[in-house]
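Next comes upload-v9.cif, a file with mmCIF, C-alpha atoms.
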```cif
data_start
loop_
_atom_site.label_atom_id
_atom_site.label_comp_id
_atom_site.auth_asym_id
_atom_site.auth_seq_id
_atom_site.Cartn_x
_atom_site.Cartn_y
_atom_site.Cartn_z
CA MET A 461 33.27 -12.57 -0.49
CA LEU A 462 30.48 -14.49 -2.20
CA THR A 463 31.59 -13.95 -5.79
CA ASP A 464 30.36 -16.19 -8.61
CA HIS A 465 32.07 -17.20 -11.85
CA PHE A 466 30.55 -14.21 -13.68
CA GLY A 467 32.02 -11.63 -11.31
CA ARG A 468 28.83 -10.88 -9.38
CA THR A 469 29.19 -10.56 -5.62
CA ALA A 470 26.27 -11.40 -3.32
CA THR A 471 25.85 -8.79 -0.60
CA ASP A 472 22.05 -9.02 -0.19
CA LEU A 473 20.70 -11.99 1.80
CA ARG A 474 16.98 -12.78 1.59
CA VAL A 475 15.89 -14.83 4.63
CA SER A 476 12.53 -16.60 4.59
CA LEU A 477 11.22 -16.94 8.15
CA THR A 478 8.19 -19.10 7.34
CA ASP A 479 6.33 -20.53 4.37
CA ARG A 480 2.97 -19.80 6.02
CA CYS A 481 0.75 -16.95 4.91
CA ASN A 482 -2.59 -15.49 5.96
CA LEU A 483 -3.54 -14.61 2.37
CA ARG A 484 -4.08 -16.84 -0.66
CA CYS A 485 -3.03 -14.57 -3.51
CA SER A 486 -3.91 -16.17 -6.82
CA TYR A 487 -0.47 -15.50 -8.34
CA CYS A 488 1.20 -17.32 -5.44
CA MET A 489 -0.89 -20.22 -4.11
CA PRO A 490 -4.19 -22.08 -4.57
CA ALA A 491 -7.33 -21.11 -2.69
CA GLU A 492 -7.03 -24.09 -0.36
CA GLY A 493 -3.48 -23.13 0.60
CA LEU A 494 -0.47 -25.43 0.71
CA GLN A 495 0.95 -28.07 2.99
CA TRP A 496 3.14 -26.06 5.36
CA LEU A 497 6.61 -27.13 6.40
CA PRO A 498 6.61 -29.06 9.70
CA ARG A 499 7.86 -26.77 12.46
CA PRO A 500 10.82 -29.02 13.40
CA GLU A 501 12.17 -28.50 9.87
CA LEU A 502 12.33 -24.73 10.27
CA LEU A 503 15.55 -23.14 11.46
CA THR A 504 15.29 -22.05 15.08
CA ASP A 505 15.94 -18.46 16.11
CA ASP A 506 19.42 -19.40 17.32
CA GLU A 507 20.21 -21.23 14.08
CA LEU A 508 19.01 -18.28 12.02
CA VAL A 509 21.12 -15.80 13.94
CA ARG A 510 24.20 -18.01 13.71
CA VAL A 511 23.86 -18.42 9.95
CA ILE A 512 23.14 -14.72 9.38
CA GLY A 513 26.03 -13.80 11.67
CA LEU A 514 28.37 -15.98 9.61
CA ALA A 515 27.16 -14.36 6.39
CA VAL A 516 27.60 -10.84 7.76
CA GLY A 517 30.82 -11.40 9.68
CA ARG A 518 32.74 -13.53 7.18
CA LEU A 519 31.07 -13.56 3.78
CA GLY A 520 30.44 -9.90 2.97
CA ILE A 521 26.65 -9.73 3.36
CA THR A 522 25.65 -6.12 4.06
CA GLU A 523 21.85 -6.30 3.76
CA VAL A 524 19.45 -8.80 5.31
CA ARG A 525 15.83 -8.82 4.15
CA PHE A 526 13.29 -10.95 6.02
CA THR A 527 10.60 -12.50 3.85
CA GLY A 528 8.12 -15.39 3.90
CA GLY A 529 5.54 -16.64 3.32
CA GLU A 530 4.42 -13.89 5.62
CA PRO A 531 7.27 -13.00 8.01
CA LEU A 532 4.96 -11.27 10.51
CA LEU A 533 3.61 -14.75 11.33
CA ARG A 534 7.00 -15.80 12.70
CA ARG A 535 6.95 -15.92 16.48
CA GLY A 536 9.79 -13.94 17.97
CA LEU A 537 10.25 -11.77 14.87
CA THR A 538 11.13 -8.64 16.83
CA GLU A 539 13.72 -10.55 18.84
CA ILE A 540 15.29 -11.94 15.66
CA VAL A 541 15.49 -8.42 14.22
CA ALA A 542 17.08 -7.12 17.44
CA ARG A 543 19.68 -9.88 17.47
CA VAL A 544 20.62 -9.28 13.83
CA ALA A 545 20.80 -5.53 14.50
CA ALA A 546 23.34 -6.30 17.23
CA LEU A 547 25.70 -8.04 14.79
CA ARG A 548 28.96 -6.34 13.89
CA PRO A 549 29.37 -5.16 11.27
CA ARG A 550 25.69 -4.23 11.43
CA PRO A 551 23.76 -5.10 8.26
CA GLU A 552 20.91 -3.04 6.86
CA ILE A 553 17.72 -4.84 7.92
CA SER A 554 14.52 -4.77 5.89
CA LEU A 555 11.26 -6.69 5.69
CA THR A 556 8.82 -7.62 2.93
CA THR A 557 5.27 -8.22 4.17
CA ASN A 558 1.62 -8.24 3.13
CA GLY A 559 1.03 -5.69 5.89
CA ILE A 560 -1.47 -7.66 7.96
CA GLY A 561 -0.31 -7.25 11.55
CA LEU A 562 1.80 -4.15 10.99
CA GLU A 563 -0.67 -1.99 12.88
CA ARG A 564 0.51 -3.80 16.02
CA LEU A 565 4.12 -4.57 15.06
CA ALA A 566 5.42 -1.52 13.18
CA ALA A 567 6.60 0.39 16.25
CA PRO A 568 8.16 -2.65 18.02
CA LEU A 569 9.98 -3.63 14.81
CA ARG A 570 11.47 -0.18 14.44
CA ALA A 571 12.52 -0.19 18.08
CA ALA A 572 14.17 -3.58 17.51
CA GLY A 573 16.29 -2.18 14.68
CA LEU A 574 14.33 -2.64 11.44
CA ASP A 575 15.51 -0.08 8.88
CA ARG A 576 13.12 -0.40 5.95
CA ILE A 577 9.90 -2.09 4.95
CA ASN A 578 8.18 -3.17 1.72
CA VAL A 579 4.43 -3.79 1.75
CA SER A 580 2.55 -5.68 -0.95
CA LEU A 581 -0.53 -3.79 -2.14
CA ASP A 582 -2.09 -4.86 -5.43
CA THR A 583 -5.35 -2.90 -5.32
CA LEU A 584 -7.22 -0.13 -3.52
CA THR A 585 -10.61 -1.78 -4.03
CA PRO A 586 -11.92 -4.16 -1.33
CA GLU A 587 -13.74 -6.34 -3.86
CA VAL A 588 -10.66 -6.71 -6.05
CA PHE A 589 -8.48 -7.37 -3.01
CA GLU A 590 -10.77 -10.20 -1.94
CA ARG A 591 -10.75 -11.63 -5.47
CA LEU A 592 -6.95 -11.53 -5.64
CA ALA A 593 -6.06 -12.51 -2.07
CA ARG A 594 -9.19 -14.57 -1.31
CA ARG A 595 -9.44 -12.73 1.99
CA ASP A 596 -11.23 -9.50 2.98
CA ARG A 597 -8.20 -7.81 4.57
CA LEU A 598 -7.57 -4.59 2.63
CA ALA A 599 -8.50 -2.45 5.64
CA ASP A 600 -5.89 -4.27 7.73
CA VAL A 601 -3.18 -3.61 5.13
CA LEU A 602 -4.03 0.10 4.94
CA ALA A 603 -4.05 0.34 8.74
CA GLY A 604 -0.64 -1.33 8.76
CA LEU A 605 0.72 1.19 6.28
CA ALA A 606 -0.52 4.06 8.44
CA ALA A 607 1.22 2.50 11.45
CA VAL A 608 4.48 2.16 9.51
CA ALA A 609 4.35 5.86 8.59
CA LYS A 610 3.62 6.80 12.20
CA ALA A 611 6.56 4.70 13.38
CA GLY A 612 8.87 6.56 11.00
CA LEU A 613 10.00 3.49 9.05
CA ASN A 614 10.96 5.38 5.92
CA PRO A 615 11.15 5.04 3.01
CA ILE A 616 7.97 2.98 2.72
CA LYS A 617 7.97 0.93 -0.48
CA ILE A 618 4.87 -0.56 -2.05
CA ASN A 619 5.09 -3.67 -4.24
CA THR A 620 2.31 -4.21 -6.79
CA VAL A 621 1.67 -7.12 -9.14
CA LEU A 622 -0.86 -6.41 -11.89
CA MET A 623 -3.03 -9.27 -13.11
CA ARG A 624 -4.71 -9.04 -16.50
CA ASP A 625 -8.46 -8.38 -16.29
CA VAL A 626 -8.26 -8.28 -12.49
CA ASN A 627 -6.42 -5.16 -11.32
CA ASP A 628 -4.69 -3.96 -14.48
CA HIS A 629 -7.00 -0.94 -14.54
CA GLU A 630 -5.53 0.44 -11.29
CA PRO A 631 -1.93 1.55 -11.91
CA VAL A 632 -2.81 5.26 -12.14
CA ALA A 633 -4.92 5.16 -8.96
CA LEU A 634 -2.20 3.25 -7.11
CA LEU A 635 0.48 5.73 -8.14
CA ARG A 636 -1.68 8.68 -7.08
CA PHE A 637 -2.31 6.99 -3.73
CA CYS A 638 1.43 6.54 -3.16
CA LEU A 639 2.39 10.02 -4.33
CA GLU A 640 -0.10 11.60 -1.93
CA ARG A 641 1.40 9.70 1.01
CA GLY A 642 5.06 9.76 0.08
CA TYR A 643 5.25 6.00 -0.55
CA GLN A 644 7.58 4.60 -3.19
CA LEU A 645 5.62 2.43 -5.62
CA ARG A 646 7.18 -0.42 -7.59
CA PHE A 647 5.26 -2.49 -10.12
CA ILE A 648 6.53 -6.07 -10.53
CA GLU A 649 5.89 -8.26 -13.54
CA GLN A 650 4.15 -11.47 -12.53
CA MET A 651 6.75 -14.25 -12.44
CA PRO A 652 6.37 -18.01 -12.95
CA LEU A 653 6.53 -18.86 -9.25
CA ASP A 654 2.94 -19.87 -8.48
CA ALA A 655 2.33 -23.21 -6.78
CA GLN A 656 -0.22 -24.17 -9.41
CA HIS A 657 2.27 -23.65 -12.28
CA GLY A 658 -0.51 -21.78 -14.07
CA TRP A 659 1.62 -18.80 -15.17
CA ARG A 660 1.19 -17.91 -18.83
CA ARG A 661 3.33 -15.33 -20.60
CA ALA A 662 0.37 -14.03 -22.61
CA GLU A 663 -1.53 -13.26 -19.40
CA MET A 664 1.34 -11.30 -17.81
CA VAL A 665 1.03 -7.50 -17.70
CA THR A 666 4.40 -6.38 -19.04
CA ALA A 667 6.63 -3.50 -18.04
CA ASP A 668 5.88 -1.77 -21.35
CA GLU A 669 2.14 -2.05 -20.71
CA ILE A 670 2.52 -0.63 -17.20
CA LEU A 671 4.55 2.32 -18.50
CA ALA A 672 1.99 2.97 -21.23
CA ALA A 673 -0.89 2.96 -18.74
CA LEU A 674 0.90 5.35 -16.37
CA SER A 675 1.97 7.65 -19.20
CA VAL A 676 -1.65 8.47 -19.98
CA GLU A 677 -1.80 10.51 -16.76
CA PHE A 678 1.84 11.19 -15.83
CA THR A 679 5.00 12.32 -17.55
CA LEU A 680 7.60 9.65 -16.84
CA THR A 681 11.30 10.31 -17.38
CA PRO A 682 13.93 7.58 -16.93
CA ASP A 683 16.06 8.33 -13.90
CA ASP A 684 19.84 8.19 -14.12
CA PRO A 685 20.59 4.50 -14.85
CA ALA A 686 23.95 4.89 -13.13
CA ASP A 687 22.08 5.28 -9.84
CA ARG A 688 20.36 1.93 -10.27
CA GLY A 689 23.33 -0.24 -9.38
CA SER A 690 22.07 -3.74 -8.57
CA ALA A 691 18.53 -2.56 -7.77
CA PRO A 692 15.92 -4.61 -9.63
CA ALA A 693 13.65 -1.65 -10.37
CA GLU A 694 14.06 0.78 -13.25
CA ALA A 695 13.20 4.18 -11.79
CA PHE A 696 11.17 6.84 -13.60
CA LEU A 697 10.75 10.40 -12.36
CA VAL A 698 7.08 11.37 -12.16
CA ASN A 699 6.25 14.77 -13.70
CA GLY A 700 9.87 15.83 -13.44
CA GLY A 701 10.47 14.51 -9.90
CA PRO A 702 11.53 14.32 -7.20
CA ALA A 703 8.95 11.54 -6.77
CA SER A 704 9.55 8.40 -8.80
CA VAL A 705 7.95 5.08 -9.67
CA GLY A 706 9.77 1.79 -10.21
CA ILE A 707 9.16 -0.98 -12.72
CA ILE A 708 10.64 -4.41 -12.06
CA GLY A 709 10.56 -6.19 -15.41
CA SER A 710 11.83 -9.52 -14.16
CA VAL A 711 10.63 -11.34 -17.28
CA THR A 712 10.83 -8.86 -20.15
CA ARG A 713 13.71 -6.74 -18.81
CA PRO A 714 15.84 -9.16 -16.77
CA PHE A 715 18.57 -7.69 -14.57
CA CYS A 716 20.47 -10.91 -13.81
CA GLY A 717 23.81 -9.43 -14.86
CA ALA A 718 23.83 -7.16 -11.80
CA CYS A 719 22.23 -9.57 -9.32
CA ASP A 720 23.69 -9.37 -5.82
CA ARG A 721 21.28 -11.70 -3.98
CA ILE A 722 21.41 -15.05 -2.29
CA ARG A 723 18.52 -16.69 -0.45
CA LEU A 724 18.00 -18.80 2.66
CA THR A 725 14.73 -20.71 2.95
CA ALA A 726 12.88 -21.15 6.22
CA ASP A 727 14.07 -24.79 6.38
CA GLY A 728 17.72 -23.89 5.94
CA GLN A 729 18.37 -24.32 2.23
CA LEU A 730 20.61 -21.90 0.35
CA ARG A 731 19.47 -20.78 -3.11
CA ASN A 732 21.68 -18.76 -5.46
CA CYS A 733 18.72 -17.62 -7.57
CA LEU A 734 14.98 -17.21 -7.13
CA PHE A 735 14.59 -19.66 -10.02
CA ALA A 736 17.31 -22.12 -9.01
CA ARG A 737 16.50 -25.79 -9.55
CA GLU A 738 18.99 -26.90 -6.90
CA GLU A 739 19.53 -25.98 -3.26
CA ASN A 740 22.43 -26.30 -0.82
CA ASP A 741 21.53 -27.76 2.55
CA LEU A 742 22.74 -25.79 5.57
CA ARG A 743 20.33 -27.21 8.15
CA THR A 744 21.71 -30.76 8.22
CA PRO A 745 25.37 -29.85 8.77
CA LEU A 746 24.36 -27.04 11.13
CA ARG A 747 22.51 -29.50 13.36
CA ALA A 748 25.32 -32.04 13.05
CA GLY A 749 27.78 -29.62 14.61
CA ALA A 750 29.50 -28.21 11.52
CA SER A 751 32.11 -25.53 12.09
CA ASP A 752 31.85 -22.04 10.67
CA ASP A 753 34.54 -22.97 8.13
CA GLU A 754 32.48 -25.92 6.91
CA LEU A 755 29.32 -23.82 6.64
CA ALA A 756 31.17 -21.02 4.85
CA ALA A 757 32.46 -23.55 2.31
CA ARG A 758 28.87 -24.53 1.53
CA TRP A 759 27.98 -20.88 0.92
CA MET A 760 30.90 -20.61 -1.50
CA ARG A 761 29.89 -23.75 -3.40
CA CYS A 762 26.36 -22.43 -3.69
CA ILE A 763 27.32 -19.04 -5.13
CA GLN A 764 29.91 -20.49 -7.50
CA ALA A 765 27.23 -22.63 -9.13
CA LYS A 766 25.07 -19.60 -9.96
CA LEU A 767 23.99 -19.44 -13.61
CA PRO A 768 24.31 -16.29 -15.73
CA GLY A 769 20.54 -15.74 -15.75
CA HIS A 770 17.18 -17.02 -14.55
CA GLY A 771 16.39 -18.65 -17.89
CA ILE A 772 12.70 -17.68 -18.03
CA ASN A 773 13.05 -16.79 -21.68
CA ASP A 774 14.89 -20.01 -22.60
CA PRO A 775 12.89 -22.65 -24.54
CA GLY A 776 13.66 -25.30 -21.93
CA PHE A 777 12.77 -23.21 -18.88
CA LEU A 778 11.18 -25.07 -15.97
CA GLN A 779 9.65 -23.44 -12.93
CA PRO A 780 11.31 -24.16 -9.59
CA THR A 781 9.76 -27.03 -7.67
CA ARG A 782 9.05 -24.72 -4.76
CA PRO A 783 6.59 -21.81 -5.13
CA MET A 784 7.42 -18.26 -4.11
CA SER A 785 5.83 -18.70 -0.66
CA ALA A 786 8.33 -21.46 0.17
CA ILE A 787 11.36 -19.74 -1.37
CA GLY A 788 11.04 -16.23 -0.01
CA GLY A 789 10.77 -13.08 -2.10
#
```

Translate this file's structure into structure tokens.
Amino acid sequence: MLTDHFGRTATDLRVSLTDRCNLRCSYCMPAEGLQWLPRPELLTDDELVRVIGLAVGRLGITEVRFTGGEPLLRRGLTEIVARVAALRPRPEISLTTNGIGLERLAAPLRAAGLDRINVSLDTLTPEVFERLARRDRLADVLAGLAAVAKAGLNPIKINTVLMRDVNDHEPVALLRFCLERGYQLRFIEQMPLDAQHGWRRAEMVTADEILAALSVEFTLTPDDPADRGSAPAEAFLVNGGPASVGIIGSVTRPFCGACDRIRLTADGQLRNCLFAREENDLRTPLRAGASDDELAARWMRCIQAKLPGHGINDPGFLQPTRPMSAIGG
């Protein structure tokens, strides 16, 4: 088992399939984009499946979530999902995406074995979407969501980041939209993971502010905290339930003490925390012919070096060198 020195056991593996993205969200990357990883540096499909198979078969990983960049841009995605679904023991397989391309891929992904999906949706207004994402693609995201519902990939979770003076007027409309369609909405505090390193605490819309804005229109009751487990979102019943809304207060309400995640970047680097300053290289030994025992030892060294928390609130905090798009969500 991947247990660290603070007694936390990693069972949730986040796998970035690419650092590329077809949006340019202002809280993630600059308008001109970034220099993408050269393709030869990315793990191949076979390498990915071997590493994931090791994690599932020997190291106690029970959930695999594919991320990016934008994972729908990865060629062969459905085949990767199918091969991971064929592993024994079979992990739960999920995907986090911006939704562009889901109209075409939702049904094939479900047929391949995908269990759950999270779609990023920060606004319901085309003009605001274009301002945030620097692309006019809101219609494509909404069409993708409809395709996911049609394919029966439930529950459908929506991830929303509120930006001050940009879309912070929309939480009520977004929650209504999700309640009407049976989607599960989760608001996420903006984290210091932008490539520009322009994050400012004073500009972040906090969990308390989100709750206050929603409470103007809805009665929110904290759900049973015992049901939360290692989930990052605090759940609140809406108007008595059964529908709920989640708040992920990564900065103001950190949940590091229950973290069960470990991450693999698209170029084969293990990270024990989203905000880790160091990585453990799997790609080099993998391509040099390392045995499963040798690779497993690297996983263990990585998890044992995990710090007690992300350190965002420490005076000496430094953002990771890599932005979110290169780490994976």

Under the rule of at most 12 Å, produce a per-residue listing of stretch 637-735 of chain A near stretch 528-532 of chain A: chain, number, name, the closest pair of atoms, and the distance in Å, as CSV, using only C-alpha atoms.
```
residue,atom,partner,partner_atom,distance
A:Arg723,CA,A:Gly528,CA,11.3
A:Leu724,CA,A:Gly528,CA,10.5
A:Thr725,CA,A:Gly528,CA,8.5
A:Ala726,CA,A:Gly528,CA,7.8
A:Asp727,CA,A:Gly528,CA,11.4
```

With C-alpha atoms kept, could you save the residues just selected as a PDB file, keeping the file's coordinate frame?
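Final file, again-v5.pdb:
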```pdb
ATOM      1  CA  ARG A 723      18.520 -16.690  -0.450  1.00  0.00           C
ATOM      2  CA  LEU A 724      18.000 -18.800   2.660  1.00  0.00           C
ATOM      3  CA  THR A 725      14.730 -20.710   2.950  1.00  0.00           C
ATOM      4  CA  ALA A 726      12.880 -21.150   6.220  1.00  0.00           C
ATOM      5  CA  ASP A 727      14.070 -24.790   6.380  1.00  0.00           C
TER       6      ASP A 727
END
```

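Near A:Ala603, within a cut-off of 10 Å and counting only C-alpha atoms, sit the residues Gly559, Ile560, Gly561, Leu562, Glu563, Arg564, Leu598 and Val608 of chain A, with same-chain residues fewer than 5 positions away left out.
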
Can those selected residues be exported to a file as a PDB file, in the coordinates of the input so that it contains C-alpha atoms?
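This went into part.pdb:
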```pdb
ATOM      1  CA  GLY A 559       1.030  -5.690   5.890  1.00  0.00           C
ATOM      2  CA  ILE A 560      -1.470  -7.660   7.960  1.00  0.00           C
ATOM      3  CA  GLY A 561      -0.310  -7.250  11.550  1.00  0.00           C
ATOM      4  CA  LEU A 562       1.800  -4.150  10.990  1.00  0.00           C
ATOM      5  CA  GLU A 563      -0.670  -1.990  12.880  1.00  0.00           C
ATOM      6  CA  ARG A 564       0.510  -3.800  16.020  1.00  0.00           C
ATOM      7  CA  LEU A 598      -7.570  -4.590   2.630  1.00  0.00           C
ATOM      8  CA  VAL A 608       4.480   2.160   9.510  1.00  0.00           C
TER       9      VAL A 608
END
```

Next on the checklist: As an exercise, work out the distance from atom CA of A:Asn619 to atom CA of A:Pro631 in Å and give it to one decimal place.
Outcome noted: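 These atoms are spaced 11.6 Å apart.
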
Item to check | atom CA of A:His629 to atom CA of A:Met489, distance in Å rounded to a single decimal | outcome: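 For atom CA of A:His629 relative to atom CA of A:Met489, the distance reads 22.8 Å.
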
Checklist entry - Within 12 Å of (9.7, -13.0, 15.6), all atoms listed in the file: residues as JSON, numbers by chain? => result {"A": [476, 477, 478, 504, 505, 506, 508, 509, 526, 527, 530, 531, 532, 533, 534, 535, 536, 537, 538, 539, 540, 541, 542, 543, 544, 555, 565, 568, 569, 572]}

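For the structure in this document, the set picked by the PyMOL selection byres ((chain A and resi 633) around 12) is A:Asp582, A:Thr583, A:Leu584, A:Thr585, A:Asn627, A:Asp628, A:His629, A:Glu630, A:Pro631, A:Val632, A:Leu634, A:Leu635, A:Arg636, A:Phe637, A:Cys638, A:Leu639, A:Glu640, A:Leu645, A:Ala673, A:Leu674, A:Val676, A:Glu677, A:Phe678.
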
Would you mind exporting the chosen residues as a PDB file, in the coordinates of the input, restricted to C-alpha atoms?
```pdb
ATOM      1  CA  ASP A 582      -2.090  -4.860  -5.430  1.00  0.00           C
ATOM      2  CA  THR A 583      -5.350  -2.900  -5.320  1.00  0.00           C
ATOM      3  CA  LEU A 584      -7.220  -0.130  -3.520  1.00  0.00           C
ATOM      4  CA  THR A 585     -10.610  -1.780  -4.030  1.00  0.00           C
ATOM      5  CA  ASN A 627      -6.420  -5.160 -11.320  1.00  0.00           C
ATOM      6  CA  ASP A 628      -4.690  -3.960 -14.480  1.00  0.00           C
ATOM      7  CA  HIS A 629      -7.000  -0.940 -14.540  1.00  0.00           C
ATOM      8  CA  GLU A 630      -5.530   0.440 -11.290  1.00  0.00           C
ATOM      9  CA  PRO A 631      -1.930   1.550 -11.910  1.00  0.00           C
ATOM     10  CA  VAL A 632      -2.810   5.260 -12.140  1.00  0.00           C
ATOM     11  CA  LEU A 634      -2.200   3.250  -7.110  1.00  0.00           C
ATOM     12  CA  LEU A 635       0.480   5.730  -8.140  1.00  0.00           C
ATOM     13  CA  ARG A 636      -1.680   8.680  -7.080  1.00  0.00           C
ATOM     14  CA  PHE A 637      -2.310   6.990  -3.730  1.00  0.00           C
ATOM     15  CA  CYS A 638       1.430   6.540  -3.160  1.00  0.00           C
ATOM     16  CA  LEU A 639       2.390  10.020  -4.330  1.00  0.00           C
ATOM     17  CA  GLU A 640      -0.100  11.600  -1.930  1.00  0.00           C
ATOM     18  CA  LEU A 645       5.620   2.430  -5.620  1.00  0.00           C
ATOM     19  CA  ALA A 673      -0.890   2.960 -18.740  1.00  0.00           C
ATOM     20  CA  LEU A 674       0.900   5.350 -16.370  1.00  0.00           C
ATOM     21  CA  VAL A 676      -1.650   8.470 -19.980  1.00  0.00           C
ATOM     22  CA  GLU A 677      -1.800  10.510 -16.760  1.00  0.00           C
ATOM     23  CA  PHE A 678       1.840  11.190 -15.830  1.00  0.00           C
TER      24      PHE A 678
END
```

Next on the checklist: Once the PyMOL selection byres ((chain A and resi 657) around 12) is applied to the coordinates I shared, what remains selected? I want it as number ranges by chain.
Outcome noted: A: 486-490, 651-656, 658-661, 778-784

Just-selected residues, C-alpha atoms written as a tab-separated table (two decimals), in the frame of the given file:
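Result went into selection33.tsv, see below:
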```
chain	number	residue	atom	x	y	z
A	486	SER	CA	-3.91	-16.17	-6.82
A	487	TYR	CA	-0.47	-15.50	-8.34
A	488	CYS	CA	1.20	-17.32	-5.44
A	489	MET	CA	-0.89	-20.22	-4.11
A	490	PRO	CA	-4.19	-22.08	-4.57
A	651	MET	CA	6.75	-14.25	-12.44
A	652	PRO	CA	6.37	-18.01	-12.95
A	653	LEU	CA	6.53	-18.86	-9.25
A	654	ASP	CA	2.94	-19.87	-8.48
A	655	ALA	CA	2.33	-23.21	-6.78
A	656	GLN	CA	-0.22	-24.17	-9.41
A	658	GLY	CA	-0.51	-21.78	-14.07
A	659	TRP	CA	1.62	-18.80	-15.17
A	660	ARG	CA	1.19	-17.91	-18.83
A	661	ARG	CA	3.33	-15.33	-20.60
A	778	LEU	CA	11.18	-25.07	-15.97
A	779	GLN	CA	9.65	-23.44	-12.93
A	780	PRO	CA	11.31	-24.16	-9.59
A	781	THR	CA	9.76	-27.03	-7.67
A	782	ARG	CA	9.05	-24.72	-4.76
A	783	PRO	CA	6.59	-21.81	-5.13
A	784	MET	CA	7.42	-18.26	-4.11
```

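Atom pair atom CA of A:Glu738 / atom CA of A:Leu462: separated by 17.6 Å.
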
Checklist entry - Which one is closest to A:Arg737: A:Leu680, A:Leu602, A:Leu767, A:Val621? Count all atoms listed in the file. => result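 Using all atoms listed in the file, the shortest distance to A:Arg737 belongs to A:Leu767.
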
On this structure, the PyMOL selection byres ((chain A and resi 624) around 8) would catch which residues? List them as an mmCIF file with C-alpha atoms, in the coordinates of the input, sorted by chain and number.
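Here's the written file out.cif:
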```cif
data_model
loop_
_atom_site.group_PDB
_atom_site.id
_atom_site.type_symbol
_atom_site.label_atom_id
_atom_site.label_comp_id
_atom_site.auth_asym_id
_atom_site.auth_seq_id
_atom_site.Cartn_x
_atom_site.Cartn_y
_atom_site.Cartn_z
ATOM 1 C CA LEU A 622 -0.860 -6.410 -11.890
ATOM 2 C CA MET A 623 -3.030 -9.270 -13.110
ATOM 3 C CA ASP A 625 -8.460 -8.380 -16.290
ATOM 4 C CA VAL A 626 -8.260 -8.280 -12.490
ATOM 5 C CA ASN A 627 -6.420 -5.160 -11.320
ATOM 6 C CA ASP A 628 -4.690 -3.960 -14.480
ATOM 7 C CA GLU A 663 -1.530 -13.260 -19.400
ATOM 8 C CA MET A 664 1.340 -11.300 -17.810
ATOM 9 C CA VAL A 665 1.030 -7.500 -17.700
#
```

Checklist entry - Can you tell me, as a ChimeraX atom specification, what residues are no more than 12 Å from A:Arg510 when counting all atoms listed in the file, ignoring any on the same chain fewer than 3 positions away? => result /A:503-507,513-518,540,543-544,547,728,742-743,746-747,750-752,755-756

Next on the checklist: Set the distance at 7 Å and use only C-alpha atoms: which residues neighbour A:Asp575 once local chain neighbours fewer than 5 positions away are removed? I'd like the list as a PyMOL selection string.
Outcome noted: chain A and resi 552-554+570+613

Item to check | Contacts of stretch 714-722 of chain A at 8 Å (all atoms listed in the file; same-chain gap of 3+ positions) as a list in words | outcome: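 Contacts, with the query itself left out: Arg468, Thr469, Ala470, Thr471, Asp472, Leu473, Arg474, Gly689, Ser690, Pro692, Gly709, Ser710, Val711, Leu730, Arg731, Asn732, Cys733, Ile763, Pro768, Gly769 and His770 of chain A.
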
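Only residues having an atom at most 7 Å from (10.8, 1.6, 2.4) are included; using only C-alpha atoms, these are Arg576, Ile577, Asn578, Leu613, Asn614, Pro615, Ile616 and Lys617 of chain A.
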
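Using all atoms listed in the file for every distance, the candidate list A:Ile708, A:Arg484, A:Pro702, A:Arg713 yields A:Arg484 as the residue closest to A:Arg595.
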